[in-house]
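Below: upload08.cif (mmCIF, C-alpha atoms and all ligand atoms)
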data_structure
loop_
_atom_site.label_atom_id
_atom_site.label_comp_id
_atom_site.auth_asym_id
_atom_site.auth_seq_id
_atom_site.Cartn_x
_atom_site.Cartn_y
_atom_site.Cartn_z
CA MET A 160 -5.82 123.94 48.36
CA GLU A 161 -5.65 121.69 51.39
CA LYS A 162 -5.08 118.04 50.59
CA THR A 163 -7.51 115.38 51.74
CA PHE A 164 -5.85 112.48 53.53
CA ARG A 165 -7.73 109.30 54.44
CA ILE A 166 -6.70 106.83 57.13
CA ALA A 167 -7.68 103.20 56.53
CA PRO A 168 -6.97 100.86 59.45
CA SER A 169 -6.48 97.26 58.30
CA ILE A 170 -8.67 95.02 60.44
CA LEU A 171 -6.21 92.19 59.82
CA SER A 172 -4.50 93.31 63.04
CA ALA A 173 -7.74 93.84 64.99
CA ASN A 174 -9.02 91.56 67.72
CA PHE A 175 -11.30 89.22 65.72
CA ALA A 176 -13.11 88.08 68.86
CA LYS A 177 -14.65 91.56 69.00
CA LEU A 178 -14.39 92.78 65.46
CA GLY A 179 -17.55 94.94 65.50
CA GLU A 180 -16.37 96.84 68.56
CA GLU A 181 -12.89 97.30 67.11
CA ILE A 182 -14.36 98.84 63.96
CA THR A 183 -16.68 101.16 65.89
CA ASP A 184 -13.82 102.27 68.15
CA VAL A 185 -11.38 102.97 65.35
CA ILE A 186 -13.92 104.93 63.29
CA THR A 187 -15.07 106.89 66.37
CA SER A 188 -11.41 107.73 66.94
CA GLY A 189 -11.33 109.44 63.54
CA ALA A 190 -10.32 106.81 60.99
CA ASP A 191 -12.04 107.14 57.60
CA ILE A 192 -12.07 103.72 55.95
CA VAL A 193 -12.19 100.05 56.98
CA HIS A 194 -9.46 98.18 55.06
CA PHE A 195 -10.52 94.54 54.64
CA ASP A 196 -7.74 92.09 53.69
CA VAL A 197 -8.84 88.93 51.90
CA MET A 198 -6.23 86.16 51.57
CA ASP A 199 -6.68 82.69 50.09
CA ASN A 200 -3.53 80.66 50.93
CA HIS A 201 -2.92 80.45 47.17
CA TYR A 202 -2.18 83.90 45.79
CA VAL A 203 -0.58 84.71 49.16
CA PRO A 204 0.59 82.25 51.85
CA ASN A 205 -2.05 83.18 54.41
CA LEU A 206 -5.78 82.73 54.92
CA THR A 207 -8.11 85.38 56.31
CA ILE A 208 -11.70 86.54 55.94
CA GLY A 209 -14.34 86.45 53.22
CA PRO A 210 -17.75 87.85 52.23
CA LEU A 211 -19.51 86.41 55.31
CA VAL A 212 -17.43 88.63 57.57
CA CYS A 213 -17.94 91.64 55.30
CA ASP A 214 -21.69 91.04 55.48
CA ALA A 215 -21.50 90.78 59.27
CA ILE A 216 -19.64 94.06 59.76
CA ARG A 217 -21.64 96.04 57.18
CA PRO A 218 -24.41 97.04 59.63
CA VAL A 219 -21.83 98.04 62.25
CA THR A 220 -20.49 101.06 60.35
CA ASP A 221 -21.30 103.66 57.70
CA ALA A 222 -17.60 103.96 56.88
CA ILE A 223 -16.30 102.91 53.48
CA ILE A 224 -15.34 99.23 53.39
CA ASP A 225 -12.26 98.86 51.20
CA VAL A 226 -11.89 95.20 50.19
CA HIS A 227 -8.34 94.24 49.18
CA LEU A 228 -8.45 90.90 47.37
CA MET A 229 -5.25 88.87 47.65
CA ILE A 230 -6.84 85.90 45.94
CA GLU A 231 -6.64 84.14 42.59
CA PRO A 232 -8.81 84.05 40.56
CA VAL A 233 -10.98 87.05 41.41
CA ASP A 234 -14.08 86.99 39.20
CA ARG A 235 -15.99 84.26 41.04
CA ILE A 236 -15.92 86.09 44.38
CA ILE A 237 -16.38 89.75 43.29
CA PRO A 238 -20.22 89.58 43.22
CA ASP A 239 -20.25 88.06 46.72
CA PHE A 240 -18.36 91.04 48.12
CA ALA A 241 -20.57 93.51 46.26
CA LYS A 242 -23.59 91.80 47.80
CA ALA A 243 -21.94 91.84 51.22
CA GLY A 244 -21.73 95.64 51.12
CA ALA A 245 -18.18 96.37 49.95
CA ASP A 246 -17.74 99.96 48.73
CA ILE A 247 -14.36 99.53 47.05
CA ILE A 248 -12.97 96.28 45.61
CA THR A 249 -9.32 96.09 44.54
CA PHE A 250 -7.38 93.15 43.15
CA HIS A 251 -3.87 92.34 41.94
CA PRO A 252 -3.52 92.40 38.13
CA GLU A 253 -1.49 89.15 38.17
CA ALA A 254 -4.47 87.41 39.76
CA SER A 255 -6.91 88.09 36.92
CA ASN A 256 -6.64 86.67 33.40
CA HIS A 257 -8.84 89.48 32.10
CA ILE A 258 -8.12 92.64 34.04
CA ASP A 259 -10.45 94.89 32.07
CA ARG A 260 -13.32 92.45 32.54
CA SER A 261 -12.75 92.14 36.30
CA LEU A 262 -12.61 95.93 36.71
CA SER A 263 -15.82 96.31 34.71
CA MET A 264 -17.49 93.64 36.80
CA VAL A 265 -16.72 95.56 40.00
CA ARG A 266 -18.10 98.80 38.54
CA ASP A 267 -21.20 97.13 37.09
CA LEU A 268 -22.03 95.80 40.54
CA GLY A 269 -22.02 99.37 41.87
CA CYS A 270 -18.66 99.37 43.66
CA LYS A 271 -15.55 101.44 43.15
CA SER A 272 -12.72 99.52 41.54
CA GLY A 273 -8.98 99.47 41.80
CA LEU A 274 -5.73 97.69 40.99
CA VAL A 275 -3.11 96.70 43.56
CA PHE A 276 0.60 96.71 42.72
CA ASN A 277 3.08 94.46 44.50
CA PRO A 278 6.49 96.05 45.14
CA ALA A 279 7.96 94.61 41.90
CA THR A 280 4.84 94.94 39.72
CA SER A 281 5.01 97.58 36.99
CA LEU A 282 2.54 100.45 36.91
CA ASP A 283 2.18 99.81 33.15
CA TYR A 284 -0.92 97.76 33.95
CA LEU A 285 -2.70 101.10 34.47
CA ASP A 286 -2.12 102.44 31.00
CA HIS A 287 -5.16 101.11 29.15
CA VAL A 288 -7.66 100.93 32.00
CA MET A 289 -7.42 104.29 33.76
CA ASP A 290 -11.06 105.01 32.89
CA LYS A 291 -12.12 101.92 34.85
CA ILE A 292 -10.14 102.71 38.00
CA ASP A 293 -11.14 104.66 41.11
CA MET A 294 -8.17 103.72 43.25
CA VAL A 295 -4.55 102.70 42.75
CA LEU A 296 -3.11 100.74 45.68
CA LEU A 297 0.66 100.40 46.03
CA MET A 298 1.90 97.64 48.30
CA SER A 299 4.83 98.81 50.39
CA VAL A 300 5.42 95.24 51.64
CA ASN A 301 5.00 91.88 49.92
CA PRO A 302 1.37 90.93 50.56
CA GLY A 303 0.37 88.21 52.99
CA PHE A 304 1.06 89.45 56.49
CA GLY A 305 0.62 92.45 58.73
CA GLY A 306 3.49 93.86 60.74
CA GLN A 307 6.16 93.96 57.99
CA LYS A 308 8.64 96.75 57.34
CA PHE A 309 7.92 99.51 54.80
CA ILE A 310 9.96 99.04 51.58
CA PRO A 311 11.56 102.48 50.86
CA GLU A 312 11.54 102.03 47.03
CA THR A 313 7.75 102.48 47.32
CA LEU A 314 8.40 106.24 47.68
CA ASN A 315 9.80 106.40 44.12
CA LYS A 316 6.90 104.34 42.83
CA LEU A 317 4.41 106.61 44.61
CA ARG A 318 5.91 109.62 42.84
CA LEU A 319 5.50 107.85 39.49
CA ALA A 320 1.91 106.82 40.26
CA ARG A 321 1.11 110.37 41.43
CA LYS A 322 2.35 111.73 38.08
CA LYS A 323 0.26 109.27 36.08
CA ILE A 324 -2.86 110.00 38.13
CA ASP A 325 -2.43 113.78 38.05
CA ALA A 326 -1.94 113.73 34.27
CA TYR A 327 -5.10 111.68 33.89
CA THR A 328 -7.12 113.89 36.25
CA GLU A 329 -5.99 117.01 34.47
CA LYS A 330 -7.12 115.56 31.15
CA THR A 331 -10.45 114.11 32.28
CA GLY A 332 -11.38 115.78 35.58
CA LYS A 333 -11.73 112.32 37.10
CA GLU A 334 -10.44 111.74 40.63
CA ILE A 335 -8.43 108.60 41.43
CA TRP A 336 -7.26 107.82 44.96
CA LEU A 337 -3.69 106.70 45.63
CA GLU A 338 -3.50 104.30 48.54
CA VAL A 339 -0.43 102.78 50.18
CA ASP A 340 -0.46 99.54 52.19
CA GLY A 341 2.16 97.97 54.44
CA GLY A 342 4.43 99.16 57.24
CA VAL A 343 2.85 102.62 57.50
CA ASN A 344 3.20 104.31 60.89
CA ALA A 345 3.32 107.77 62.49
CA ASP A 346 7.07 108.04 61.84
CA ASN A 347 7.04 107.42 58.08
CA ILE A 348 3.57 108.65 57.04
CA THR A 349 4.75 112.24 56.45
CA GLU A 350 7.24 111.27 53.74
CA ILE A 351 4.78 108.77 52.27
CA ALA A 352 2.23 111.58 51.92
CA GLN A 353 4.89 113.87 50.45
CA ALA A 354 5.61 111.20 47.83
CA GLY A 355 1.98 111.41 46.71
CA ALA A 356 -0.25 109.01 48.65
CA ASP A 357 -3.62 110.32 49.83
CA THR A 358 -5.02 107.17 51.48
CA PHE A 359 -3.06 105.24 54.11
CA VAL A 360 -3.60 101.67 55.27
CA ALA A 361 -2.20 100.97 58.73
CA GLY A 362 -2.77 97.68 60.51
CA SER A 363 -0.32 96.89 63.27
CA ALA A 364 0.46 100.59 63.86
CA VAL A 365 -3.20 101.20 64.72
CA PHE A 366 -4.50 98.00 66.29
CA GLY A 367 -1.20 97.24 68.00
CA ALA A 368 -1.36 100.61 69.72
CA SER A 369 -3.38 99.41 72.68
CA ASN A 370 -5.31 96.38 73.80
CA ASP A 371 -7.08 97.66 76.88
CA LYS A 372 -10.85 97.99 77.16
CA ASP A 373 -11.01 101.77 76.76
CA PRO A 374 -13.31 102.56 73.78
CA ASN A 375 -11.16 105.66 73.10
CA LYS A 376 -8.00 103.61 72.96
CA TYR A 377 -7.34 104.46 69.32
CA ASP A 378 -7.68 108.26 69.72
CA SER A 379 -4.00 108.87 70.32
CA ILE A 380 -2.66 106.76 67.42
CA ILE A 381 -5.16 108.22 64.93
CA SER A 382 -4.30 111.74 66.17
CA ALA A 383 -0.58 110.96 65.85
CA LEU A 384 -1.09 109.81 62.25
CA ARG A 385 -3.11 112.98 61.50
CA ALA A 386 -0.49 115.20 63.12
CA SER A 387 2.23 113.63 60.96
CA LEU A 388 0.03 114.04 57.88
CA ALA A 389 -0.46 117.73 58.70
CA LYS A 390 3.32 118.17 58.25
CA ALA A 391 3.21 116.79 54.68
C1 LIG B 1 -0.70 92.90 53.82
C2 LIG B 1 -2.05 93.58 53.93
C3 LIG B 1 -2.01 94.84 54.71
C4 LIG B 1 -1.57 94.67 56.14
C5 LIG B 1 -1.03 95.95 56.64
O1 LIG B 1 -0.75 91.87 52.90
O2 LIG B 1 -2.55 93.89 52.66
O3 LIG B 1 -3.22 95.54 54.62
O4 LIG B 1 -2.58 94.24 56.98
O5 LIG B 1 -0.54 95.76 57.92
P1 LIG B 1 0.62 96.63 58.51
O6 LIG B 1 0.14 98.05 58.57
O7 LIG B 1 0.84 96.02 59.86
O8 LIG B 1 1.81 96.49 57.61
ZN ZN B 2 -4.28 95.33 52.43
#
Take the structure in this file and express it as structure tokens.
Ligand code: DX5
Ligand code: ZN
Amino acid sequence: MEKTFRIAPSILSANFAKLGEEITDVITSGADIVHFDVMDNHYVPNLTIGPLVCDAIRPVTDAIIDVHLMIEPVDRIIPDFAKAGADIITFHPEASNHIDRSLSMVRDLGCKSGLVFNPATSLDYLDHVMDKIDMVLLMSVNPGFGGQKFIPETLNKLRLARKKIDAYTEKTGKEIWLEVDGGVNADNITEIAQAGADTFVAGSAVFGASNDKDPNKYDSIISALRASLAKA
């Protein structure tokens, strides 16, 4: 059976002065998901965008908006993102005092839910909440900034996560996506896919590819990522 791979450009590296256009262009070029990085200068040492921006881009695209919360705490802001049209909301387990409750809150608001694992965070957090998870996101850099280098140990962790997910899917029939985030590019995406990821965040690799005015400017980078994925 052919594997489904999803490409999720992180708009953190987009040109914010024309965010709507950037999103349209990247989706027209064949990307699948809009990855939306939320940082609070508390959980991570950087500050980005919130529900207002999610609400503003929602009418621009039918693509899935994948909100990655790098904030602490998470419960107060989850309903705002659900209202702003997020499709998926993920958060870091260390940033919630009550992980099960936060996951349930996301689901109850009609969104897909997921946990994000920093490079040194154990996958054990998954063990008692698999039934409340639609996506597992492994960070392949320490969160906070785009443009960092992929941490190779992530490949071992991806293989472990793949095993856990496959065992769960076999038992329950329930699909869980395995996303990777940080330092992904056309040169390393093949081995990342081989290690078990099915959904790939790429920020600087995509939006750094070109800054001219051509609306098709992202065609070649998205095609290059797809070509590398086809080798996996
Ligand atoms: C990092 C963010 C990532 C980041 C990825 O904290 O979660 O989504 O934007 O950017 P690149 O692909 O440049 O590493
Ligand atoms: Zn992210």
Neighbourhood of ligand ZN 2 (chain B) at 8 Å, counting all atoms listed in the file, reported as a list in words: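 I would give the residues around ligand ZN 2 (chain B) as Ser169, His194, Phe195, Asp196, Val197, Val226, His227, Leu228, Met298, Pro302, Asp340, Gly341 and Val360 of chain A.
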Test item: residues at most 9 Å from Met198 (chain A), all atoms listed in the file, excluding those fewer than 6 positions along its chain, as a list in words: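 Close residues of Met198 (chain A): Pro204, Asn205, Leu206, Thr207, Ile208, Gly209, His227, Leu228, Met229, Ile230 and Gly303 of chain A.
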Kindly save the residues from that selection, with C-alpha atoms included, as an mmCIF file, in the coordinates of the input.
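So result.cif came out as:
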data_model
loop_
_atom_site.group_PDB
_atom_site.id
_atom_site.type_symbol
_atom_site.label_atom_id
_atom_site.label_comp_id
_atom_site.auth_asym_id
_atom_site.auth_seq_id
_atom_site.Cartn_x
_atom_site.Cartn_y
_atom_site.Cartn_z
ATOM 1 C CA PRO A 204 0.590 82.250 51.850
ATOM 2 C CA ASN A 205 -2.050 83.180 54.410
ATOM 3 C CA LEU A 206 -5.780 82.730 54.920
ATOM 4 C CA THR A 207 -8.110 85.380 56.310
ATOM 5 C CA ILE A 208 -11.700 86.540 55.940
ATOM 6 C CA GLY A 209 -14.340 86.450 53.220
ATOM 7 C CA HIS A 227 -8.340 94.240 49.180
ATOM 8 C CA LEU A 228 -8.450 90.900 47.370
ATOM 9 C CA MET A 229 -5.250 88.870 47.650
ATOM 10 C CA ILE A 230 -6.840 85.900 45.940
ATOM 11 C CA GLY A 303 0.370 88.210 52.990
#
Nearest candidate to ligand LIG 1 (chain B) (options A:Ile224, A:Val365, A:Leu285, A:Ala345; using only C-alpha atoms and all ligand atoms):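 Result for the nearest residue to ligand LIG 1 (chain B): A:Val365.
Excluding Ala354 (chain A) itself and any same-chain residue fewer than 5 positions from it, the protein and nucleic acid residues within 7 Å of it, counting all atoms listed in the file, are Leu314, Leu317 and Arg318 of chain A.
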Take the residues from that selection and write them out as a PDB file, keeping the file's coordinate frame, keeping C-alpha atoms.
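What landed in selection.pdb:
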ATOM      1  CA  LEU A 314       8.400 106.240  47.680  1.00  0.00           C
ATOM      2  CA  LEU A 317       4.410 106.610  44.610  1.00  0.00           C
ATOM      3  CA  ARG A 318       5.910 109.620  42.840  1.00  0.00           C
TER       4      ARG A 318
END
Residue neighbourhood Ser299 (chain A), 10 Å, all atoms listed in the file, exclusion window fewer than 4 positions, as a PyMOL selection string: chain A and resi 276-279+307-314+316-317+339-343
Distance in Å - CA of Asp283 (chain A) versus CA of Pro168 (chain A): 27.9 Å
Best match for closeness to Asp286 (chain A) among A:Asp259, A:Asp234, A:Asp221, A:Asp267, counting all atoms listed in the file: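 Residue with the minimum atom-to-atom distance to Asp286 (chain A): A:Asp259.
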Residue with smallest distance to ligand LIG 1 (chain B) - pool A:Leu319, A:Leu296, A:Ala383, A:Ile182, counting only C-alpha atoms and all ligand atoms: A:Leu296
Test item: residues at most 12 Å from Asp378 (chain A), all atoms listed in the file, excluding those fewer than 4 positions along its chain, as a VMD selection string: chain A and resid 184 to 190 365 to 366 368 to 369 373 to 374 382 to 386
Take the residues that were just selected and, keeping C-alpha atoms, output them as a tab-separated table (two decimals), in the coordinates of the input.
chain	number	residue	atom	x	y	z
A	184	ASP	CA	-13.82	102.27	68.15
A	185	VAL	CA	-11.38	102.97	65.35
A	186	ILE	CA	-13.92	104.93	63.29
A	187	THR	CA	-15.07	106.89	66.37
A	188	SER	CA	-11.41	107.73	66.94
A	189	GLY	CA	-11.33	109.44	63.54
A	190	ALA	CA	-10.32	106.81	60.99
A	365	VAL	CA	-3.20	101.20	64.72
A	366	PHE	CA	-4.50	98.00	66.29
A	368	ALA	CA	-1.36	100.61	69.72
A	369	SER	CA	-3.38	99.41	72.68
A	373	ASP	CA	-11.01	101.77	76.76
A	374	PRO	CA	-13.31	102.56	73.78
A	382	SER	CA	-4.30	111.74	66.17
A	383	ALA	CA	-0.58	110.96	65.85
A	384	LEU	CA	-1.09	109.81	62.25
A	385	ARG	CA	-3.11	112.98	61.50
A	386	ALA	CA	-0.49	115.20	63.12
Set up a box along x, y and z of the file covering all listed atoms of ligand LIG 1 (chain B), add 5 Å on every one of the six sides, and write the centre and edge lengths in Å to one decimal, as JSON.
{"center_x": -0.7, "center_y": 95.0, "center_z": 56.3, "size_x": 15.0, "size_y": 16.2, "size_z": 17.2}
Distance of CA of Phe250 (chain A) from CA of Gln353 (chain A), expressed in Å to one decimal place: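 Separation of CA of Gln353 (chain A) and CA of Phe250 (chain A): 25.2 Å.
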d(CA of Asp246 (chain A), CA of Lys322 (chain A)) in Å: 25.6 Å
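Counting only C-alpha atoms and all ligand atoms and comparing A:Gly306, A:Gly273, A:Met264, A:Ile166, the residue that lies closest to ligand LIG 1 (chain B) is A:Gly306.
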Within-10 Å shell of (-11.9, 91.4, 61.8) in input frame, all atoms listed in the file, as a PyMOL selection string: chain A and resi 169-182+193-196+207-208+212-213+215-216
So that I have them on file, write out the residues from the current selection with C-alpha atoms, as a short mmCIF file (atom, residue, chain, number, x, y, z; two decimals), in the coordinates of the input.
data_model
loop_
_atom_site.label_atom_id
_atom_site.label_comp_id
_atom_site.auth_asym_id
_atom_site.auth_seq_id
_atom_site.Cartn_x
_atom_site.Cartn_y
_atom_site.Cartn_z
CA SER A 169 -6.48 97.26 58.30
CA ILE A 170 -8.67 95.02 60.44
CA LEU A 171 -6.21 92.19 59.82
CA SER A 172 -4.50 93.31 63.04
CA ALA A 173 -7.74 93.84 64.99
CA ASN A 174 -9.02 91.56 67.72
CA PHE A 175 -11.30 89.22 65.72
CA ALA A 176 -13.11 88.08 68.86
CA LYS A 177 -14.65 91.56 69.00
CA LEU A 178 -14.39 92.78 65.46
CA GLY A 179 -17.55 94.94 65.50
CA GLU A 180 -16.37 96.84 68.56
CA GLU A 181 -12.89 97.30 67.11
CA ILE A 182 -14.36 98.84 63.96
CA VAL A 193 -12.19 100.05 56.98
CA HIS A 194 -9.46 98.18 55.06
CA PHE A 195 -10.52 94.54 54.64
CA ASP A 196 -7.74 92.09 53.69
CA THR A 207 -8.11 85.38 56.31
CA ILE A 208 -11.70 86.54 55.94
CA VAL A 212 -17.43 88.63 57.57
CA CYS A 213 -17.94 91.64 55.30
CA ALA A 215 -21.50 90.78 59.27
CA ILE A 216 -19.64 94.06 59.76
#
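For Met289 (chain A), the non-local neighbours within 9 Å, defined as residues at least 2 positions apart in the same chain or in other chains and counting only C-alpha atoms, are Leu285, Asp286, His287, Lys291, Ile292, Asp293, Ile324, Tyr327 and Ile335 of chain A.
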Using all atoms listed in the file: which of A:Ala320, A:Arg235, A:Ser263, A:Ser272 has the shortest distance to Thr249 (chain A): A:Ser272
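Closest approach to ligand LIG 1 (chain B) among A:Val295, A:Ala391, A:Leu274, A:Ala167: A:Ala167, based on all atoms listed in the file.
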Filtering to N, CA, C and O atoms, could region 194-220 of chain A of the supplied structure be written out as a short mmCIF file (atom, residue, chain, number, x, y, z; two decimals), in the first residue's frame?
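part.cif, freshly written:
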data_model
loop_
_atom_site.label_atom_id
_atom_site.label_comp_id
_atom_site.auth_asym_id
_atom_site.auth_seq_id
_atom_site.Cartn_x
_atom_site.Cartn_y
_atom_site.Cartn_z
N HIS A 194 1.22 24.90 9.00
CA HIS A 194 1.72 24.72 10.37
C HIS A 194 1.87 26.10 11.01
O HIS A 194 2.56 26.97 10.50
N PHE A 195 1.22 26.27 12.17
CA PHE A 195 1.04 27.59 12.79
C PHE A 195 1.71 27.58 14.16
O PHE A 195 1.20 26.98 15.13
N ASP A 196 2.87 28.22 14.27
CA ASP A 196 3.68 28.15 15.49
C ASP A 196 3.35 29.28 16.47
O ASP A 196 3.55 30.45 16.16
N VAL A 197 2.88 28.91 17.64
CA VAL A 197 2.49 29.88 18.65
C VAL A 197 3.51 29.88 19.80
O VAL A 197 3.68 28.86 20.47
N MET A 198 4.18 31.00 20.01
CA MET A 198 5.21 31.10 21.06
C MET A 198 4.90 32.27 21.99
O MET A 198 4.40 33.30 21.53
N ASP A 199 5.24 32.10 23.27
CA ASP A 199 4.77 33.06 24.28
C ASP A 199 5.87 33.80 25.06
O ASP A 199 5.58 34.47 26.05
N ASN A 200 7.14 33.61 24.66
CA ASN A 200 8.24 34.22 25.41
C ASN A 200 8.24 33.81 26.89
O ASN A 200 8.64 34.57 27.77
N HIS A 201 7.78 32.57 27.14
CA HIS A 201 7.73 32.06 28.51
C HIS A 201 8.07 30.58 28.46
O HIS A 201 9.10 30.17 28.99
N TYR A 202 7.25 29.81 27.75
CA TYR A 202 7.60 28.40 27.54
C TYR A 202 8.79 28.28 26.59
O TYR A 202 9.63 27.39 26.75
N VAL A 203 8.85 29.16 25.60
CA VAL A 203 10.02 29.26 24.71
C VAL A 203 10.44 30.73 24.63
O VAL A 203 9.61 31.62 24.82
N PRO A 204 11.73 30.97 24.35
CA PRO A 204 12.23 32.36 24.37
C PRO A 204 11.97 33.11 23.06
O PRO A 204 12.87 33.67 22.47
N ASN A 205 10.72 33.12 22.63
CA ASN A 205 10.38 33.85 21.41
C ASN A 205 8.88 34.13 21.46
O ASN A 205 8.13 33.48 22.22
N LEU A 206 8.45 35.10 20.68
CA LEU A 206 7.05 35.53 20.71
C LEU A 206 6.55 35.60 19.28
O LEU A 206 7.19 36.21 18.42
N THR A 207 5.41 34.93 19.01
CA THR A 207 4.94 34.93 17.62
C THR A 207 3.48 35.35 17.50
O THR A 207 3.13 36.47 17.88
N ILE A 208 2.64 34.46 17.01
CA ILE A 208 1.29 34.83 16.60
C ILE A 208 0.25 34.09 17.43
O ILE A 208 0.52 33.02 17.98
N GLY A 209 -0.96 34.67 17.49
CA GLY A 209 -2.01 34.09 18.31
C GLY A 209 -3.30 33.89 17.54
O GLY A 209 -3.32 33.91 16.30
N PRO A 210 -4.42 33.72 18.27
CA PRO A 210 -5.70 33.40 17.65
C PRO A 210 -6.19 34.45 16.64
O PRO A 210 -6.85 34.09 15.67
N LEU A 211 -5.85 35.71 16.86
CA LEU A 211 -6.28 36.76 15.92
C LEU A 211 -5.77 36.48 14.51
O LEU A 211 -6.49 36.66 13.53
N VAL A 212 -4.52 36.04 14.44
CA VAL A 212 -3.91 35.76 13.13
C VAL A 212 -4.52 34.49 12.54
O VAL A 212 -4.78 34.41 11.34
N CYS A 213 -4.80 33.52 13.39
CA CYS A 213 -5.44 32.28 12.91
C CYS A 213 -6.81 32.63 12.31
O CYS A 213 -7.16 32.18 11.22
N ASP A 214 -7.53 33.45 13.01
CA ASP A 214 -8.86 33.89 12.55
C ASP A 214 -8.74 34.63 11.21
O ASP A 214 -9.57 34.46 10.32
N ALA A 215 -7.69 35.42 11.07
CA ALA A 215 -7.51 36.21 9.84
C ALA A 215 -7.17 35.34 8.63
O ALA A 215 -7.59 35.62 7.51
N ILE A 216 -6.41 34.27 8.86
CA ILE A 216 -6.01 33.44 7.71
C ILE A 216 -7.04 32.35 7.41
O ILE A 216 -7.01 31.77 6.33
N ARG A 217 -7.96 32.08 8.35
CA ARG A 217 -8.92 31.00 8.13
C ARG A 217 -9.69 31.12 6.81
O ARG A 217 -9.82 30.14 6.06
N PRO A 218 -10.20 32.31 6.47
CA PRO A 218 -10.93 32.40 5.19
C PRO A 218 -10.05 32.30 3.95
O PRO A 218 -10.56 32.13 2.85
N VAL A 219 -8.75 32.39 4.12
CA VAL A 219 -7.83 32.41 2.98
C VAL A 219 -7.63 31.00 2.40
O VAL A 219 -7.29 30.83 1.23
N THR A 220 -7.83 29.97 3.22
CA THR A 220 -7.50 28.61 2.76
C THR A 220 -8.44 27.55 3.34
O THR A 220 -8.97 27.71 4.43
#
